[in-house]
Amino acid sequence: MTDVLESSFRAASRLGRIKPSPSTAAAARVRELKAEGRRILDLTVGEPDFDTPEHIKQAAIAAIQAGETKYTPVNGTPRLRQAIRGSLLRTHDIEYSDAEIAVGGGGKQVIFLALMASVDAGDEVLIPAPYWVSYPDMVRANGGTPIIVPTKNVAGYKLRPEDLESAISERTTWLILNSPGNPSGAIYTQDELAALAEVLRRHPSVSVLSDEIYSEISFTGSPAPSLVAVAPDLRHRVLVVSGVSKSYAMTGWRLGYAAGDPTLVGAINTLQSQTSSCPSSISQAAAVAALEGPQDFIAVSVPAYAERRDVAVAGLSAIDGLTPLVPDGAFYLYVDCSGLIGRTTADGRILETDQDVTLHLLEESGVAVIQGSAYGQSPFFRISFATDLTTITLAIAAIAAAVGELR
Ligand code: PLP
């Protein structure tokens with residue numbers, strides 16, 4: 001018999017304030033079920049199913065061969081900073097200096113460090129719902145208070161100026177704005193951003209973390225507009241966060257960046273110097289190729305996402321009880337499932353929450369989706385259409401069958 005050692009681990013109090021990311025947890029559950037031999041149609045994944053473009057891989061291989069395998073400056077190689085600045089000049093028409101650029105191991109790490117650098121106990125961070133799962137926990141982990149601001153269907157699940165105005169208090173330090181949004185796919189128009197900027201001008205102590213990680217994945221015909229491009233006078237109050245994960249199918253490379261106030265960027269760099277020192281030198285070389293090289297991947301992948309979106313929207317809209325929001329960008333569909341709440345499964349269980357709906361879909365149809373409660377807006381579920389059309393079509397048929405069984 002093996003001895004089971006009792007753990008003497010005592011968790012720090014900050015750990016009690018957060019939970020593991022629900023999307024990571026969902027992915028782990030899918031892996032478990034697959035390992036048990038079940039066929040699972042996985043619509044939980046928040047990453048492109050495409051491979052990283054060849055010229056980007058080649059740039060990484062060349063960097064390895066050239067011995068670019070050492071620590072880099074904390075704020076990235078000069079080449080990478082140049083590529084980021086060039087990209088922001090093209091897309092935002094803003095000339096950032098080197099001192100205004102931070103890089104990190106993914107947009108996620110940069111956001112975490114930005115909050116760690118700026119949030120004190122009791123500081124409030126405004127997060128419009130539905131939101132990306134990680135924002136509230138990142139705020140809590142850093143001692144702040146997430147203030148969830150609900151949005152409405154009539155407003156396309158986007159924050160309206162009056163919602164912003166009434167949510168701001170003396171303790172508000174940040175507004176987190178995510179466009180295109182995960183999970184809604186909503187894109188703020190230039191006019192909507194200009195209206196939010198009007199409110200922000202009246203509240204000079206509020207900064208904006210503009211999460212633009214999906215900005216290239218837009219179905220409107222042009223990239224999603226940015227608050228800072230619409231209101232360049234707010235430049236020092238807007239931290240633009242982006243990265244190569246989603247647009248260039250590089251989630252595993254872990255490379256993100258931020259541009260904004262040089263004092264904040266300096267603080268992020270200080271934290272970076274005491275945590276990871278710098279992101280991978282090889283991923284940095286790859287990111288240069290992504291940002292400066294041919295952009296054909298985006299030209300090919302975005303129409304592919306658009307086609308999948310259309311198939312998924314048509315299929316789900318035809319299912320009684322489900323109403324998908326039609327996304328303008330990113331690769332998610334947020335599906336209103338209020339029509340299923342109160343219905344009964346074949347074995348007599350009443351679906352009371354979106355978690356019940358999600359579980360029913362997984363058990364009955366083998367389709368994995370993520371419950372809306374993870375994103376602060378219920379009853380909904382999120383599907384990712386960053387997967388092939390066959391899987392999407394099979395999944396919709398399976399969802400239709402599982403919904404059809406309900407009474
Ligand atoms: N922001 C949003 C809204 C996201 O959905 C994600 C990833 O899922 C990220 C940021 C972080 O991306 P990464 O850390 O891969 O750059």
# chains A, B, ... in the order shown; residues from 1 in each chain; ligands from 1

$ select_by_dssp --residues "range 25-127 of chain A" --states "helix (DSSP H, G or I)" --output "VMD selection string"
chain A and resid 25 to 35 54 to 65 78 to 92 98 to 100 107 to 118

$ write_last_selection --atoms "N, CA and C atoms" --output "short mmCIF file (atom, residue, chain, number, x, y, z; two decimals), in the first residue's frame"
data_model
loop_
_atom_site.label_atom_id
_atom_site.label_comp_id
_atom_site.auth_asym_id
_atom_site.auth_seq_id
_atom_site.Cartn_x
_atom_site.Cartn_y
_atom_site.Cartn_z
N ALA A 25 -11.28 24.77 -17.52
CA ALA A 25 -11.93 23.64 -16.85
C ALA A 25 -12.78 22.85 -17.86
N ALA A 26 -13.49 23.57 -18.74
CA ALA A 26 -14.33 22.89 -19.73
C ALA A 26 -13.45 22.07 -20.68
N ALA A 27 -12.33 22.65 -21.09
CA ALA A 27 -11.43 21.93 -21.99
C ALA A 27 -10.90 20.66 -21.32
N ALA A 28 -10.61 20.74 -20.03
CA ALA A 28 -10.11 19.57 -19.30
C ALA A 28 -11.18 18.48 -19.24
N ARG A 29 -12.44 18.88 -19.02
CA ARG A 29 -13.55 17.92 -18.95
C ARG A 29 -13.73 17.22 -20.31
N VAL A 30 -13.59 17.99 -21.39
CA VAL A 30 -13.72 17.41 -22.73
C VAL A 30 -12.61 16.37 -22.95
N ARG A 31 -11.41 16.73 -22.53
CA ARG A 31 -10.29 15.77 -22.69
C ARG A 31 -10.57 14.48 -21.92
N GLU A 32 -11.11 14.63 -20.70
CA GLU A 32 -11.44 13.46 -19.85
C GLU A 32 -12.45 12.55 -20.55
N LEU A 33 -13.54 13.18 -21.06
CA LEU A 33 -14.60 12.39 -21.69
C LEU A 33 -14.08 11.69 -22.94
N LYS A 34 -13.24 12.40 -23.69
CA LYS A 34 -12.66 11.78 -24.90
C LYS A 34 -11.79 10.59 -24.51
N ALA A 35 -11.03 10.77 -23.42
CA ALA A 35 -10.15 9.69 -22.96
C ALA A 35 -10.98 8.47 -22.55
N GLU A 54 3.04 29.26 -42.27
CA GLU A 54 4.37 28.69 -42.49
C GLU A 54 5.50 29.74 -42.34
N HIS A 55 5.29 30.95 -42.88
CA HIS A 55 6.39 31.93 -42.82
C HIS A 55 6.70 32.35 -41.38
N ILE A 56 5.69 32.23 -40.51
CA ILE A 56 5.91 32.57 -39.09
C ILE A 56 6.74 31.46 -38.43
N LYS A 57 6.38 30.22 -38.74
CA LYS A 57 7.16 29.09 -38.19
C LYS A 57 8.61 29.18 -38.66
N GLN A 58 8.77 29.50 -39.94
CA GLN A 58 10.14 29.57 -40.50
C GLN A 58 10.95 30.66 -39.80
N ALA A 59 10.31 31.77 -39.47
CA ALA A 59 11.01 32.85 -38.77
C ALA A 59 11.48 32.38 -37.40
N ALA A 60 10.67 31.55 -36.76
CA ALA A 60 11.05 31.02 -35.44
C ALA A 60 12.22 30.05 -35.58
N ILE A 61 12.14 29.21 -36.60
CA ILE A 61 13.23 28.24 -36.82
C ILE A 61 14.53 28.99 -37.12
N ALA A 62 14.43 30.03 -37.95
CA ALA A 62 15.62 30.83 -38.27
C ALA A 62 16.18 31.48 -37.02
N ALA A 63 15.31 31.92 -36.11
CA ALA A 63 15.78 32.56 -34.87
C ALA A 63 16.55 31.55 -34.02
N ILE A 64 16.04 30.32 -33.98
CA ILE A 64 16.73 29.27 -33.21
C ILE A 64 18.11 29.03 -33.83
N GLN A 65 18.12 28.87 -35.17
CA GLN A 65 19.39 28.59 -35.86
C GLN A 65 20.39 29.73 -35.67
N PRO A 78 14.31 44.94 -29.67
CA PRO A 78 14.02 46.18 -30.41
C PRO A 78 13.25 45.89 -31.70
N ARG A 79 13.53 44.75 -32.36
CA ARG A 79 12.82 44.40 -33.60
C ARG A 79 11.33 44.20 -33.33
N LEU A 80 11.01 43.54 -32.23
CA LEU A 80 9.60 43.29 -31.94
C LEU A 80 8.89 44.61 -31.61
N ARG A 81 9.56 45.44 -30.82
CA ARG A 81 8.92 46.73 -30.48
C ARG A 81 8.67 47.55 -31.74
N GLN A 82 9.65 47.49 -32.64
CA GLN A 82 9.49 48.21 -33.91
C GLN A 82 8.27 47.66 -34.69
N ALA A 83 8.14 46.34 -34.71
CA ALA A 83 7.03 45.72 -35.44
C ALA A 83 5.68 46.08 -34.79
N ILE A 84 5.65 46.10 -33.47
CA ILE A 84 4.40 46.45 -32.77
C ILE A 84 4.05 47.91 -33.04
N ARG A 85 5.07 48.78 -32.96
CA ARG A 85 4.82 50.20 -33.20
C ARG A 85 4.33 50.42 -34.63
N GLY A 86 4.94 49.70 -35.58
CA GLY A 86 4.54 49.82 -36.99
C GLY A 86 3.10 49.36 -37.17
N SER A 87 2.76 48.27 -36.51
CA SER A 87 1.41 47.73 -36.63
C SER A 87 0.39 48.72 -36.05
N LEU A 88 0.71 49.29 -34.89
CA LEU A 88 -0.23 50.24 -34.26
C LEU A 88 -0.35 51.54 -35.07
N LEU A 89 0.75 51.91 -35.73
CA LEU A 89 0.69 53.10 -36.59
C LEU A 89 -0.27 52.85 -37.76
N ARG A 90 -0.17 51.66 -38.34
CA ARG A 90 -1.06 51.32 -39.47
C ARG A 90 -2.52 51.23 -39.03
N THR A 91 -2.76 50.56 -37.91
CA THR A 91 -4.15 50.28 -37.54
C THR A 91 -4.78 51.41 -36.73
N HIS A 92 -3.99 52.12 -35.90
CA HIS A 92 -4.57 53.12 -35.00
C HIS A 92 -4.18 54.54 -35.38
N ASP A 98 9.01 53.65 -27.97
CA ASP A 98 9.43 52.41 -27.34
C ASP A 98 8.99 52.33 -25.88
N ALA A 99 9.05 53.49 -25.21
CA ALA A 99 8.73 53.52 -23.77
C ALA A 99 7.24 53.27 -23.51
N GLU A 100 6.45 53.28 -24.57
CA GLU A 100 5.01 53.06 -24.40
C GLU A 100 4.58 51.63 -24.72
N GLY A 107 -1.59 38.12 -24.27
CA GLY A 107 -2.37 39.27 -23.81
C GLY A 107 -2.79 39.07 -22.36
N LYS A 108 -3.07 37.82 -22.01
CA LYS A 108 -3.54 37.50 -20.66
C LYS A 108 -2.53 37.96 -19.61
N GLN A 109 -1.27 37.66 -19.83
CA GLN A 109 -0.27 38.05 -18.84
C GLN A 109 -0.12 39.56 -18.76
N VAL A 110 -0.20 40.21 -19.92
CA VAL A 110 -0.05 41.66 -19.93
C VAL A 110 -1.20 42.32 -19.16
N ILE A 111 -2.42 41.79 -19.36
CA ILE A 111 -3.57 42.35 -18.64
C ILE A 111 -3.39 42.14 -17.13
N PHE A 112 -2.95 40.95 -16.75
CA PHE A 112 -2.75 40.65 -15.34
C PHE A 112 -1.72 41.61 -14.73
N LEU A 113 -0.62 41.80 -15.44
CA LEU A 113 0.43 42.68 -14.91
C LEU A 113 -0.04 44.13 -14.86
N ALA A 114 -0.84 44.54 -15.85
CA ALA A 114 -1.35 45.92 -15.85
C ALA A 114 -2.22 46.15 -14.62
N LEU A 115 -3.06 45.15 -14.29
CA LEU A 115 -3.91 45.29 -13.12
C LEU A 115 -3.08 45.21 -11.83
N MET A 116 -2.10 44.33 -11.82
CA MET A 116 -1.22 44.21 -10.64
C MET A 116 -0.48 45.52 -10.40
N ALA A 117 -0.13 46.19 -11.49
CA ALA A 117 0.64 47.42 -11.38
C ALA A 117 -0.21 48.60 -10.91
N SER A 118 -1.53 48.48 -11.02
CA SER A 118 -2.34 49.70 -10.85
C SER A 118 -3.51 49.58 -9.88
#

$ residues_around --residues "Thr358 in chain A" --least-positions-apart "4" --cutoff "7 Å" --atoms "only C-alpha atoms" --output "PyMOL selection string"
chain A and resi 354+362+369-371

$ write_last_selection --atoms "C-alpha atoms" --output "PDB file, in the first residue's frame"
ATOM      1  CA  ASP A 354     -27.782  27.585 -18.319  1.00  0.00           C
ATOM      2  CA  LEU A 362     -22.995  17.342 -23.106  1.00  0.00           C
ATOM      3  CA  VAL A 369     -20.300  24.352 -24.880  1.00  0.00           C
ATOM      4  CA  ILE A 370     -19.707  26.798 -22.010  1.00  0.00           C
ATOM      5  CA  GLN A 371     -22.495  28.086 -19.763  1.00  0.00           C
TER       6      GLN A 371
END

$ closest_atom_pairs --of "chain A" --to "ligand 1" --cutoff "9 Å" --atoms "only C-alpha atoms and all ligand atoms" --output "tab-separated table"
residue	atom	partner	partner_atom_place_in_ligand_line	distance
A:Ser23	CA	ligand 1	8 (O)	8.6
A:Val45	CA	ligand 1	8 (O)	8.9
A:Gly46	CA	ligand 1	8 (O)	5.5
A:Glu47	CA	ligand 1	8 (O)	7.1
A:Gly104	CA	ligand 1	16 (O)	8.7
A:Gly105	CA	ligand 1	14 (O)	6.9
A:Gly106	CA	ligand 1	14 (O)	3.5
A:Gly107	CA	ligand 1	16 (O)	3.5
A:Lys108	CA	ligand 1	14 (O)	3.7
A:Gln109	CA	ligand 1	14 (O)	6.3
A:Val110	CA	ligand 1	14 (O)	7.9
A:Ile111	CA	ligand 1	10 (C)	7.8
A:Tyr131	CA	ligand 1	3 (C)	7.7
A:Trp132	CA	ligand 1	3 (C)	5.1
A:Val133	CA	ligand 1	5 (O)	8.1
A:Ser134	CA	ligand 1	2 (C)	8.1
A:Tyr135	CA	ligand 1	1 (N)	8.6
A:Asn178	CA	ligand 1	3 (C)	6.2
A:Ser179	CA	ligand 1	3 (C)	8.0
A:Pro180	CA	ligand 1	3 (C)	8.0
A:Gly181	CA	ligand 1	3 (C)	6.2
A:Asn182	CA	ligand 1	3 (C)	5.0
A:Pro183	CA	ligand 1	5 (O)	7.7
A:Asp211	CA	ligand 1	1 (N)	5.9
A:Glu212	CA	ligand 1	1 (N)	7.3
A:Ile213	CA	ligand 1	1 (N)	5.6
A:Tyr214	CA	ligand 1	3 (C)	7.3
A:Val241	CA	ligand 1	10 (C)	8.0
A:Ser242	CA	ligand 1	16 (O)	6.8
A:Gly243	CA	ligand 1	16 (O)	5.1
A:Val244	CA	ligand 1	16 (O)	6.5
A:Ser245	CA	ligand 1	15 (O)	4.8
A:Lys246	CA	ligand 1	15 (O)	6.9
A:Met250	CA	ligand 1	15 (O)	7.8
A:Thr251	CA	ligand 1	15 (O)	5.0
A:Gly252	CA	ligand 1	15 (O)	7.5
A:Trp253	CA	ligand 1	15 (O)	8.3
A:Arg254	CA	ligand 1	15 (O)	6.0
A:Leu255	CA	ligand 1	16 (O)	6.1
A:Gly256	CA	ligand 1	16 (O)	5.0
A:Tyr257	CA	ligand 1	16 (O)	8.1
A:Ala330	CA	ligand 1	5 (O)	8.7

$ atom_distance --atom1 "CA of Ala314 in chain A" --atom2 "CA of Arg349 in chain A"
28.5 Å

$ closest_residue --among "A:Ala194, A:Ile127, A:Ala346, A:Val103" --to "Ser277 in chain A" --atoms "only C-alpha atoms"
A:Val103

$ atom_distance --atom1 "CA of Leu406 in chain A" --atom2 "CA of Leu361 in chain A"
11.1 Å

$ select_by_dssp --residues "range 190-340 of chain A" --states "strand (DSSP E)" --output "list in words"
Ser207, Val208, Leu209, Ser210, Asp211, Val238, Leu239, Val240, Val241, Ser242, Gly243, Gly256, Tyr257, Ala258, Ala259, Thr323, Pro324, Tyr332, Leu333, Tyr334, Val335 and Asp336 of chain A

$ closest_residue --among "A:Val302, A:Leu389, A:Ile341, A:Val265" --to "Ser97 in chain A" --atoms "only C-alpha atoms"
A:Val265
